[in-house]
Structure formats: C-alpha cells, structure tokens
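Shown here: model03.pdb, PDB, C-alpha atoms.
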```
MODEL        1
ATOM      1  CA  MET A   1       0.000   0.000   0.000
ATOM      2  CA  LYS A   2       1.383   3.369  -1.044
ATOM      3  CA  GLU A   3       2.262   5.622   1.884
ATOM      4  CA  GLU A   4       0.285   8.856   1.965
ATOM      5  CA  LYS A   5       2.381  11.964   1.436
ATOM      6  CA  LYS A   6       2.829  14.351   4.316
ATOM      7  CA  LEU A   7       1.866  17.990   3.901
ATOM      8  CA  CYS A   8       4.281  20.880   4.422
ATOM      9  CA  SER A   9       2.806  24.365   4.957
ATOM     10  CA  ILE A  10       4.841  27.387   3.879
ATOM     11  CA  VAL A  11       3.865  30.418   5.988
ATOM     12  CA  VAL A  12       4.715  33.698   4.231
ATOM     13  CA  PRO A  13       3.931  37.049   5.919
ATOM     14  CA  CYS A  14       3.649  39.850   3.338
ATOM     15  CA  TYR A  15       3.378  43.618   3.637
ATOM     16  CA  ASN A  16       3.528  45.691   0.435
ATOM     17  CA  GLU A  17       5.416  42.986  -1.464
ATOM     18  CA  GLN A  18       3.721  43.046  -4.866
ATOM     19  CA  ASP A  19       7.046  42.907  -6.706
ATOM     20  CA  ALA A  20       8.505  40.081  -4.633
ATOM     21  CA  VAL A  21       5.527  37.680  -4.492
ATOM     22  CA  PRO A  22       5.654  36.407  -8.136
ATOM     23  CA  ILE A  23       9.438  35.943  -8.011
ATOM     24  CA  TYR A  24       9.189  34.116  -4.694
ATOM     25  CA  TYR A  25       6.404  31.851  -5.972
ATOM     26  CA  GLY A  26       8.424  30.855  -9.029
ATOM     27  CA  GLU A  27      11.490  30.013  -6.946
ATOM     28  CA  MET A  28       9.468  27.916  -4.501
ATOM     29  CA  LEU A  29       7.961  25.795  -7.280
ATOM     30  CA  LYS A  30      11.501  24.669  -8.142
ATOM     31  CA  ILE A  31      12.038  23.585  -4.535
ATOM     32  CA  PHE A  32       8.786  21.611  -4.484
ATOM     33  CA  GLU A  33      10.022  19.516  -7.398
ATOM     34  CA  MET A  34      13.167  18.654  -5.417
ATOM     35  CA  ILE A  35      11.153  17.073  -2.574
ATOM     36  CA  PRO A  36       8.626  14.793  -4.320
ATOM     37  CA  GLU A  37       7.832  12.896  -1.098
ATOM     38  CA  LEU A  38       6.037  15.957   0.320
ATOM     39  CA  ASP A  39       2.898  17.819  -0.666
ATOM     40  CA  PHE A  40       3.016  21.571  -0.178
ATOM     41  CA  GLU A  41       0.677  24.458   0.486
ATOM     42  CA  PHE A  42       1.290  28.208   0.655
ATOM     43  CA  VAL A  43      -0.227  30.243   3.478
ATOM     44  CA  PHE A  44       0.272  33.873   2.478
ATOM     45  CA  ILE A  45      -0.558  36.442   5.145
ATOM     46  CA  ASP A  46      -1.420  39.838   3.679
ATOM     47  CA  ASP A  47      -0.660  42.200   6.563
ATOM     48  CA  GLY A  48      -2.902  45.046   5.434
ATOM     49  CA  SER A  49      -0.855  45.841   2.323
ATOM     50  CA  ALA A  50      -1.610  49.126   0.565
ATOM     51  CA  ASP A  51      -0.291  47.990  -2.841
ATOM     52  CA  GLY A  52      -1.307  45.123  -5.125
ATOM     53  CA  THR A  53       0.025  42.301  -2.933
ATOM     54  CA  LEU A  54      -3.387  40.784  -2.224
ATOM     55  CA  LYS A  55      -4.431  41.017  -5.876
ATOM     56  CA  ILE A  56      -1.349  39.068  -6.958
ATOM     57  CA  ILE A  57      -1.895  36.429  -4.263
ATOM     58  CA  LYS A  58      -5.490  36.009  -5.448
ATOM     59  CA  GLN A  59      -4.264  35.507  -9.012
ATOM     60  CA  LEU A  60      -1.921  32.783  -7.780
ATOM     61  CA  ARG A  61      -4.830  31.245  -5.872
ATOM     62  CA  ASP A  62      -6.889  31.090  -9.087
ATOM     63  CA  GLU A  63      -4.046  29.282 -10.839
ATOM     64  CA  ASP A  64      -2.885  27.026  -7.996
ATOM     65  CA  GLU A  65      -5.194  25.446  -5.416
ATOM     66  CA  ARG A  66      -2.214  24.987  -3.097
ATOM     67  CA  VAL A  67      -2.172  28.749  -2.506
ATOM     68  CA  HIS A  68      -4.129  29.954   0.525
ATOM     69  CA  TYR A  69      -4.198  33.391   2.063
ATOM     70  CA  VAL A  70      -5.408  35.424   5.017
ATOM     71  CA  SER A  71      -5.875  39.158   4.526
ATOM     72  CA  PHE A  72      -5.858  41.373   7.632
ATOM     73  CA  SER A  73      -8.278  44.266   8.113
ATOM     74  CA  ARG A  74      -5.246  46.514   8.695
ATOM     75  CA  ASN A  75      -1.528  46.280   9.316
ATOM     76  CA  PHE A  76      -1.061  44.273  12.529
ATOM     77  CA  GLY A  77       2.678  43.638  12.141
ATOM     78  CA  LYS A  78       4.847  40.669  11.273
ATOM     79  CA  GLU A  79       4.397  38.999  14.654
ATOM     80  CA  ALA A  80       0.652  38.799  14.092
ATOM     81  CA  GLY A  81       1.335  37.551  10.567
ATOM     82  CA  ILE A  82       3.479  34.687  11.841
ATOM     83  CA  TYR A  83       0.850  33.737  14.410
ATOM     84  CA  ALA A  84      -1.963  33.794  11.835
ATOM     85  CA  GLY A  85       0.089  31.699   9.425
ATOM     86  CA  LEU A  86       0.836  29.043  12.038
ATOM     87  CA  GLU A  87      -2.803  29.040  13.082
ATOM     88  CA  HIS A  88      -4.038  28.431   9.523
ATOM     89  CA  ALA A  89      -1.291  26.014   8.464
ATOM     90  CA  ARG A  90      -2.580  22.445   8.082
ATOM     91  CA  GLY A  91       0.696  20.688   7.366
ATOM     92  CA  ASP A  92       2.541  17.958   9.229
ATOM     93  CA  TYR A  93       5.516  20.296   8.842
ATOM     94  CA  VAL A  94       5.511  24.094   8.872
ATOM     95  CA  VAL A  95       8.030  26.488   7.349
ATOM     96  CA  ILE A  96       8.139  30.202   8.180
ATOM     97  CA  MET A  97       9.988  32.393   5.698
ATOM     98  CA  ASP A  98      10.057  35.908   4.212
ATOM     99  CA  VAL A  99       8.818  36.590   0.712
ATOM    100  CA  ASP A 100      11.808  38.768  -0.250
ATOM    101  CA  LEU A 101      14.080  35.700  -0.731
ATOM    102  CA  GLN A 102      16.498  36.844   1.955
ATOM    103  CA  ASP A 103      15.630  33.413   3.362
ATOM    104  CA  PRO A 104      17.232  31.068   0.779
ATOM    105  CA  PRO A 105      14.595  28.554  -0.448
ATOM    106  CA  GLU A 106      17.288  26.006  -1.360
ATOM    107  CA  LEU A 107      17.887  25.359   2.350
ATOM    108  CA  ILE A 108      14.459  23.755   2.703
ATOM    109  CA  CYS A 109      15.616  20.417   1.259
ATOM    110  CA  GLY A 110      18.358  20.050   3.854
ATOM    111  CA  MET A 111      16.036  21.227   6.621
ATOM    112  CA  TYR A 112      13.486  18.548   5.784
ATOM    113  CA  HIS A 113      16.022  15.721   5.690
ATOM    114  CA  THR A 114      17.539  16.913   8.980
ATOM    115  CA  ILE A 115      14.182  16.665  10.742
ATOM    116  CA  LYS A 116      13.274  13.376   9.061
ATOM    117  CA  GLU A 117      16.601  11.580   9.526
ATOM    118  CA  GLU A 118      18.224  13.179  12.589
ATOM    119  CA  GLY A 119      15.223  13.448  14.880
ATOM    120  CA  TYR A 120      15.123  17.204  15.325
ATOM    121  CA  ASP A 121      11.862  19.066  15.967
ATOM    122  CA  CYS A 122      13.045  22.234  14.285
ATOM    123  CA  VAL A 123      15.771  23.491  11.971
ATOM    124  CA  ALA A 124      16.404  27.212  12.458
ATOM    125  CA  THR A 125      18.625  29.660  10.603
ATOM    126  CA  ARG A 126      20.969  32.455  11.578
ATOM    127  CA  ARG A 127      22.998  34.925   9.571
ATOM    128  CA  VAL A 128      26.762  34.813  10.029
ATOM    129  CA  ASN A 129      27.183  38.409   8.886
ATOM    130  CA  ARG A 130      25.133  41.552   8.305
ATOM    131  CA  LYS A 131      26.565  42.522   4.917
ATOM    132  CA  GLY A 132      24.505  45.272   3.326
ATOM    133  CA  GLU A 133      23.190  46.684   6.613
ATOM    134  CA  PRO A 134      24.213  50.139   7.909
ATOM    135  CA  PRO A 135      27.096  49.710  10.410
ATOM    136  CA  ILE A 136      25.249  51.529  13.202
ATOM    137  CA  ARG A 137      22.261  49.210  12.823
ATOM    138  CA  SER A 138      24.482  46.128  12.906
ATOM    139  CA  PHE A 139      26.263  47.422  16.022
ATOM    140  CA  PHE A 140      23.059  47.962  17.975
ATOM    141  CA  ALA A 141      21.703  44.581  16.824
ATOM    142  CA  ARG A 142      24.773  42.792  18.206
ATOM    143  CA  MET A 143      24.539  44.757  21.454
ATOM    144  CA  PHE A 144      20.864  43.808  21.799
ATOM    145  CA  TYR A 145      21.571  40.079  21.491
ATOM    146  CA  LYS A 146      24.435  40.292  23.984
ATOM    147  CA  MET A 147      22.295  42.168  26.481
ATOM    148  CA  ILE A 148      19.140  40.090  26.236
ATOM    149  CA  ASN A 149      21.053  36.834  26.612
ATOM    150  CA  LYS A 150      22.585  38.174  29.818
ATOM    151  CA  ILE A 151      19.277  39.253  31.366
ATOM    152  CA  SER A 152      16.938  36.542  30.026
ATOM    153  CA  LYS A 153      16.726  32.848  30.840
ATOM    154  CA  THR A 154      15.498  32.164  27.295
ATOM    155  CA  GLU A 155      18.324  31.796  24.788
ATOM    156  CA  ILE A 156      17.986  34.078  21.764
ATOM    157  CA  VAL A 157      20.658  33.342  19.170
ATOM    158  CA  ASP A 158      22.529  36.269  17.639
ATOM    159  CA  GLY A 159      21.552  36.711  14.001
ATOM    160  CA  ALA A 160      18.556  34.378  14.348
ATOM    161  CA  ARG A 161      15.979  34.611  11.591
ATOM    162  CA  ASP A 162      12.303  33.719  11.689
ATOM    163  CA  TYR A 163      13.096  31.308   8.838
ATOM    164  CA  ARG A 164      12.683  27.792  10.221
ATOM    165  CA  PHE A 165      11.315  24.339   9.410
ATOM    166  CA  MET A 166       9.389  22.753  12.288
ATOM    167  CA  THR A 167       7.155  19.847  13.181
ATOM    168  CA  ARG A 168       3.433  20.140  13.715
ATOM    169  CA  GLN A 169       3.888  19.638  17.448
ATOM    170  CA  MET A 170       6.184  22.635  17.784
ATOM    171  CA  ALA A 171       3.921  24.812  15.624
ATOM    172  CA  ASP A 172       0.923  23.919  17.806
ATOM    173  CA  SER A 173       2.908  24.798  20.924
ATOM    174  CA  ILE A 174       3.638  28.277  19.539
ATOM    175  CA  VAL A 175      -0.005  28.801  18.568
ATOM    176  CA  SER A 176      -1.071  27.823  22.099
ATOM    177  CA  MET A 177       0.704  30.959  23.390
ATOM    178  CA  HIS A 178      -2.015  33.583  22.923
ATOM    179  CA  GLU A 179      -0.126  36.574  24.313
ATOM    180  CA  TYR A 180      -0.870  39.854  22.551
ATOM    181  CA  ASN A 181       2.647  41.304  22.883
ATOM    182  CA  ARG A 182       4.602  38.805  20.827
ATOM    183  CA  PHE A 183       8.346  38.392  20.292
ATOM    184  CA  SER A 184       8.671  35.275  18.154
ATOM    185  CA  LYS A 185      12.445  34.909  18.459
ATOM    186  CA  GLY A 186      11.953  34.508  22.206
ATOM    187  CA  ILE A 187       8.845  32.342  21.867
ATOM    188  CA  PHE A 188      10.680  29.892  19.603
ATOM    189  CA  GLY A 189      13.321  29.453  22.285
ATOM    190  CA  TRP A 190      10.871  29.379  25.196
ATOM    191  CA  VAL A 191       8.757  26.482  23.878
ATOM    192  CA  GLY A 192      11.919  24.393  23.676
ATOM    193  CA  PHE A 193      12.083  21.311  21.411
ATOM    194  CA  LYS A 194      15.230  19.950  19.830
ATOM    195  CA  THR A 195      16.550  22.556  17.405
ATOM    196  CA  LYS A 196      19.437  22.477  14.953
ATOM    197  CA  TRP A 197      20.936  25.765  13.773
ATOM    198  CA  ILE A 198      22.276  26.288  10.283
ATOM    199  CA  GLU A 199      24.183  29.358   9.143
ATOM    200  CA  TYR A 200      24.231  31.346   5.932
ATOM    201  CA  GLU A 201      25.529  34.691   4.722
ATOM    202  CA  ASN A 202      23.218  37.670   4.480
ATOM    203  CA  ILE A 203      21.413  38.011   1.141
ATOM    204  CA  GLU A 204      19.985  41.170  -0.414
ATOM    205  CA  ARG A 205      16.251  41.493  -1.021
ATOM    206  CA  VAL A 206      15.078  40.316  -4.431
ATOM    207  CA  ALA A 207      12.683  43.288  -4.747
ATOM    208  CA  GLY A 208      11.168  46.123  -2.766
ATOM    209  CA  GLU A 209      12.493  47.812   0.355
ATOM    210  CA  THR A 210      12.764  46.712   3.968
ATOM    211  CA  LYS A 211       9.874  47.720   6.219
ATOM    212  CA  TRP A 212      12.077  47.724   9.320
ATOM    213  CA  SER A 213      13.350  51.197  10.175
ATOM    214  CA  PHE A 214      15.849  51.751  12.991
ATOM    215  CA  TRP A 215      13.054  53.064  15.235
ATOM    216  CA  LYS A 216      10.852  50.019  14.569
ATOM    217  CA  LEU A 217      13.745  47.697  15.376
ATOM    218  CA  PHE A 218      14.429  49.653  18.582
ATOM    219  CA  ASN A 219      10.801  49.283  19.691
ATOM    220  CA  TYR A 220      10.902  45.612  18.743
ATOM    221  CA  SER A 221      13.973  45.108  20.920
ATOM    222  CA  LEU A 222      12.168  46.727  23.860
ATOM    223  CA  GLU A 223       9.275  44.345  23.202
ATOM    224  CA  GLY A 224      11.651  41.408  23.463
ATOM    225  CA  ILE A 225      13.249  42.649  26.682
ATOM    226  CA  ALA A 226       9.884  43.256  28.346
ATOM    227  CA  ALA A 227       8.524  39.892  27.159
ATOM    228  CA  PHE A 228      11.420  37.708  28.301
ATOM    229  CA  SER A 229      13.112  39.450  31.219
ATOM    230  CA  THR A 230      12.153  41.222  34.438
ATOM    231  CA  VAL A 231      15.725  42.384  35.093
ATOM    232  CA  PRO A 232      14.922  46.027  34.176
ATOM    233  CA  LEU A 233      12.457  46.075  37.079
ATOM    234  CA  SER A 234      15.213  44.808  39.354
ATOM    235  CA  ILE A 235      17.510  47.553  38.057
ATOM    236  CA  ALA A 236      14.874  50.161  38.934
ATOM    237  CA  SER A 237      14.627  48.699  42.456
ATOM    238  CA  PHE A 238      18.441  48.709  42.725
ATOM    239  CA  PHE A 239      18.615  52.402  41.820
ATOM    240  CA  GLY A 240      15.943  53.184  44.390
ATOM    241  CA  LEU A 241      17.791  51.325  47.141
ATOM    242  CA  LEU A 242      21.165  52.775  46.136
ATOM    243  CA  PHE A 243      20.011  56.377  46.294
ATOM    244  CA  CYS A 244      18.175  55.819  49.570
ATOM    245  CA  ILE A 245      21.509  54.701  51.052
ATOM    246  CA  VAL A 246      23.335  57.644  49.462
ATOM    247  CA  ALA A 247      20.717  60.059  50.836
ATOM    248  CA  PHE A 248      20.973  58.547  54.342
ATOM    249  CA  VAL A 249      24.779  58.752  54.353
ATOM    250  CA  GLY A 250      24.639  62.284  52.948
ATOM    251  CA  THR A 251      22.223  63.389  55.680
ATOM    252  CA  ILE A 252      24.535  62.084  58.400
ATOM    253  CA  PHE A 253      27.543  63.783  56.751
ATOM    254  CA  ILE A 254      25.807  67.165  56.451
ATOM    255  CA  SER A 255      24.523  66.972  60.054
ATOM    256  CA  LEU A 256      27.974  66.160  61.437
ATOM    257  CA  ARG A 257      29.597  68.899  59.365
ATOM    258  CA  ALA A 258      27.072  71.433  60.643
ATOM    259  CA  LEU A 259      27.697  70.394  64.256
ATOM    260  CA  ILE A 260      31.494  70.522  63.931
ATOM    261  CA  PHE A 261      32.089  73.441  61.547
ATOM    262  CA  GLY A 262      28.901  75.434  61.979
ATOM    263  CA  ASP A 263      26.823  76.662  59.009
ATOM    264  CA  PRO A 264      27.668  74.457  56.030
ATOM    265  CA  VAL A 265      28.937  76.062  52.830
ATOM    266  CA  SER A 266      26.083  76.723  50.415
ATOM    267  CA  GLY A 267      26.358  74.955  47.066
ATOM    268  CA  TRP A 268      23.287  75.746  45.002
ATOM    269  CA  PRO A 269      24.736  74.822  41.570
ATOM    270  CA  SER A 270      25.790  71.386  42.761
ATOM    271  CA  MET A 271      22.467  70.975  44.556
ATOM    272  CA  VAL A 272      20.532  71.727  41.354
ATOM    273  CA  CYS A 273      22.647  69.203  39.429
ATOM    274  CA  ILE A 274      22.031  66.530  42.054
ATOM    275  CA  ILE A 275      18.274  67.202  42.055
ATOM    276  CA  MET A 276      18.140  66.991  38.255
ATOM    277  CA  PHE A 277      20.186  63.783  38.277
ATOM    278  CA  LEU A 278      17.966  62.136  40.880
ATOM    279  CA  GLY A 279      14.866  63.355  39.031
ATOM    280  CA  GLY A 280      16.152  61.742  35.849
ATOM    281  CA  ILE A 281      16.788  58.457  37.647
ATOM    282  CA  GLN A 282      13.264  58.544  39.075
ATOM    283  CA  LEU A 283      11.727  59.180  35.657
ATOM    284  CA  LEU A 284      13.811  56.353  34.186
ATOM    285  CA  CYS A 285      12.571  53.935  36.828
ATOM    286  CA  ILE A 286       8.973  55.099  36.408
ATOM    287  CA  GLY A 287       9.346  54.607  32.659
ATOM    288  CA  ILE A 288      10.595  51.040  33.140
ATOM    289  CA  ILE A 289       7.698  50.234  35.450
ATOM    290  CA  GLY A 290       5.303  51.934  33.028
ATOM    291  CA  MET A 291       6.552  49.794  30.143
ATOM    292  CA  TYR A 292       5.751  46.575  32.004
ATOM    293  CA  LEU A 293       2.454  47.988  33.248
ATOM    294  CA  SER A 294       1.407  48.932  29.711
ATOM    295  CA  LYS A 295       2.152  45.393  28.493
ATOM    296  CA  THR A 296       0.044  43.976  31.318
ATOM    297  CA  TYR A 297      -2.733  46.447  30.462
ATOM    298  CA  LEU A 298      -2.797  45.356  26.816
ATOM    299  CA  GLU A 299      -2.821  41.671  27.783
ATOM    300  CA  CYS A 300      -5.748  42.240  30.172
ATOM    301  CA  LYS A 301      -7.794  43.801  27.368
ATOM    302  CA  ASN A 302      -7.739  40.380  25.688
ATOM    303  CA  ARG A 303      -7.861  41.881  22.204
ATOM    304  CA  PRO A 304      -7.382  39.522  19.243
ATOM    305  CA  ILE A 305      -3.860  39.296  17.869
ATOM    306  CA  TYR A 306      -5.231  40.048  14.397
ATOM    307  CA  ILE A 307      -8.527  40.528  12.566
ATOM    308  CA  SER A 308      -9.064  38.677   9.310
ATOM    309  CA  LYS A 309     -10.930  40.575   6.597
ATOM    310  CA  GLU A 310     -10.749  37.879   3.937
ATOM    311  CA  GLU A 311      -9.275  34.412   3.592
ATOM    312  CA  ALA A 312      -9.270  31.462   1.243
TER     313      ALA A 312
ENDMDL
END
```
What does the file become when written as structure tokens?
Amino acid sequence: MKEEKKLCSIVVPCYNEQDAVPIYYGEMLKIFEMIPELDFEFVFIDDGSADGTLKIIKQLRDEDERVHYVSFSRNFGKEAGIYAGLEHARGDYVVIMDVDLQDPPELICGMYHTIKEEGYDCVATRRVNRKGEPPIRSFFARMFYKMINKISKTEIVDGARDYRFMTRQMADSIVSMHEYNRFSKGIFGWVGFKTKWIEYENIERVAGETKWSFWKLFNYSLEGIAAFSTVPLSIASFFGLLFCIVAFVGTIFISLRALIFGDPVSGWPSMVCIIMFLGGIQLLCIGIIGMYLSKTYLECKNRPIYISKEEA
C-alpha cells in the first residue's frame, strides 16, 4: 500500500510585497520539485498591504489550489502575521519564511532531511554576517543580542531569523501561546524542542524595500526585553535602594559637618545638578515600570492578535 504523502505548509507574511511575491512563488515551485515525497501548500498572510500584494496572491490562488491566504483588516505587524500563518497552516511540517528571498529557499531540502533523519523538531537559521546593513544598525543589533542573553533565561541566538522548518507539534505549541505582545524569536526558544541551527551569509532582497526602520527595530527590541526578562524592574529597584543609602549617608555627613564646623557652605549649583540627576533616575525607573504595566494592560484587554478581513 502506497504511503500517503505528508503535507508541508509554507507560511509567508507579506506587507507591500507586490514585486517580490511572483518571483518568490516561481522560486518555490523549483524547490517543491526537489522534494517529491512531500505535498506543499502556501499560506500567504497579507498584513494590510496598501499595494497590489493581495491582488497578486489572489491571481496565484486562481491558478494554484495549493495557494491559501489570510488578509488582515489593517496592518497588525509581522508577529501577528506569523501567528496567523501558524494558526491556519494544516501541514505535518511548517516552514516560516520571508517573501523577499532573503531566506534562501534552497535550504528547505536540507532542513526537511535533517528533521526526518536526525530526529530534530526544528531546523532554524541564523545569519553569520550583516553585509549590506548600515554599520550603526548592525552594532546595535549585536549589542541587543548580547544584552538580552545576559538578562533573560530564554536563549535568543545572535543573528537568528524567523526562517525555520518545524514539526506540527512545535507549531501547535507556539499557537497555544495567545499573548498579545509577541516576540517570536523569544517564543521559539521558550517552547523548547530539539533545534538544529544552520548558518548562511546575508542576502539582499530580491525586490522592494525593507519595512524595518531603525526606530521600529528599537521598539521591537524593547518588546523582546519586556517579554522575556524582568531584570529592568530589578535595576529600577536597585537604583531606588542605592540612592536611599546615598541620601541617608549624605544626611549624616551634612549633620555632622554642621555640628562641627557650623553653618555648612552653600552649594546651590551642585544641589541643582544633584536634584536633576535624581529626578532623571526617578523618571527612568517610572518609565521602566510603566513599560511593564502597559504590556500587562494590553494583555488584560484580551484583544485579538489580528482581525481577518478575507481568507481562502
């Protein structure tokens, strides 16, 4: 009796990628022919695109019944796109990858055989360099990975991409995490499972422009820190305790000086500087607490991670 083929779902978040989608689709068809023992399906996630991305995906759907899509009511972000794709994927295996071909499709063959033959639950990818990126952006990216791995118990690999090939069990575990504030790189590590890392050099986009500005990446890094570490709260508490001790010692010093030498020397400029410094520290600590409080507030609202306007 002929063994039934297993299904592999390719999850592809898209935002204003009308130029990249046809090129990506053509390249993926070549990969499908290289793995005849698997059936494939596309799960395109249109993240509220303002160009012709959805129109092109619909055209592909008319030509190929393996193409499925979910179109958001607005732009909810890539994290929501990944979640929606995993939620709608039906495959025994699930692949997450970008449509701009910065995630090399030719790696999929090796990923599949690694999971099938070596017993891994996931094959993940990381870039070994950041060629083509502005130096300042690369510097801050490296600093972020160093910092978050020092303050978080969840390992987040430097240069890690969302591009990965995983089993159904791992995909279901990620979908079971319904948190609104999502940081997938941390979630992938938190759920565990046996993961093999493969490396490749950075590749330029096949078409279009990146949607990740420096400011968006900065906010995304704060999202990751708040989601997978409470150390900043401890730092705020440390500052509070430190300056309480400094204030206590300073009070004793000033009192003793007044008793021994009489009226202490006035020092208004230094006093103003100290007050401004302490005020800044207080605002910093309040800001840290506010960041965590805002995340808790959004989670308590229990809003959906995304809203689907149309799907097929």
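With all atoms listed in the file as the atoms that count, the minimum distance from Leu54 (chain A) to the choices A:Val21, A:Ile108, A:Met34, A:Ala89 is reached by A:Val21.
In terms of minimum interatomic distance to Tyr297 (chain A), A:Asn181 ranks closest within A:Thr53, A:Asn181, A:Ser234, A:Thr195, counting only C-alpha atoms.
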Which value, in Å to one decimal, gives the distance between CA of Gly52 (chain A) and CA of Asp100 (chain A)?
->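 Computed distance, CA of Gly52 (chain A) to CA of Asp100 (chain A), equals 15.4 Å.
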Choose the residue, out of A:Cys8, A:Leu101, A:Met143, A:Cys14, that has the smallest atom-to-atom separation from Pro36 (chain A); count all atoms listed in the file.
-> A:Cys8
Which is closer to Arg126 (chain A) than all the others in A:Tyr25, A:Tyr200, A:Tyr306, A:Phe165, using all atoms listed in the file?
->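 Nearest to Arg126 (chain A): A:Tyr200.
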Near Ile174 (chain A), within 12 Å and counting only C-alpha atoms, which residues show up once chain neighbours fewer than 5 positions away are dropped, as a list in words?
-> Glu79, Ile82, Tyr83, Ala84, Gly85, Leu86, Glu87, Val94, Met166, Thr167, Arg168, Gln169, Glu179, Arg182, Phe183, Ser184, Lys185, Gly186, Ile187, Phe188, Gly189, Trp190, Val191, Gly192 and Phe193 of chain A
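Put simply, CA of Ser9 (chain A) is 26.8 Å away from CA of Arg303 (chain A).
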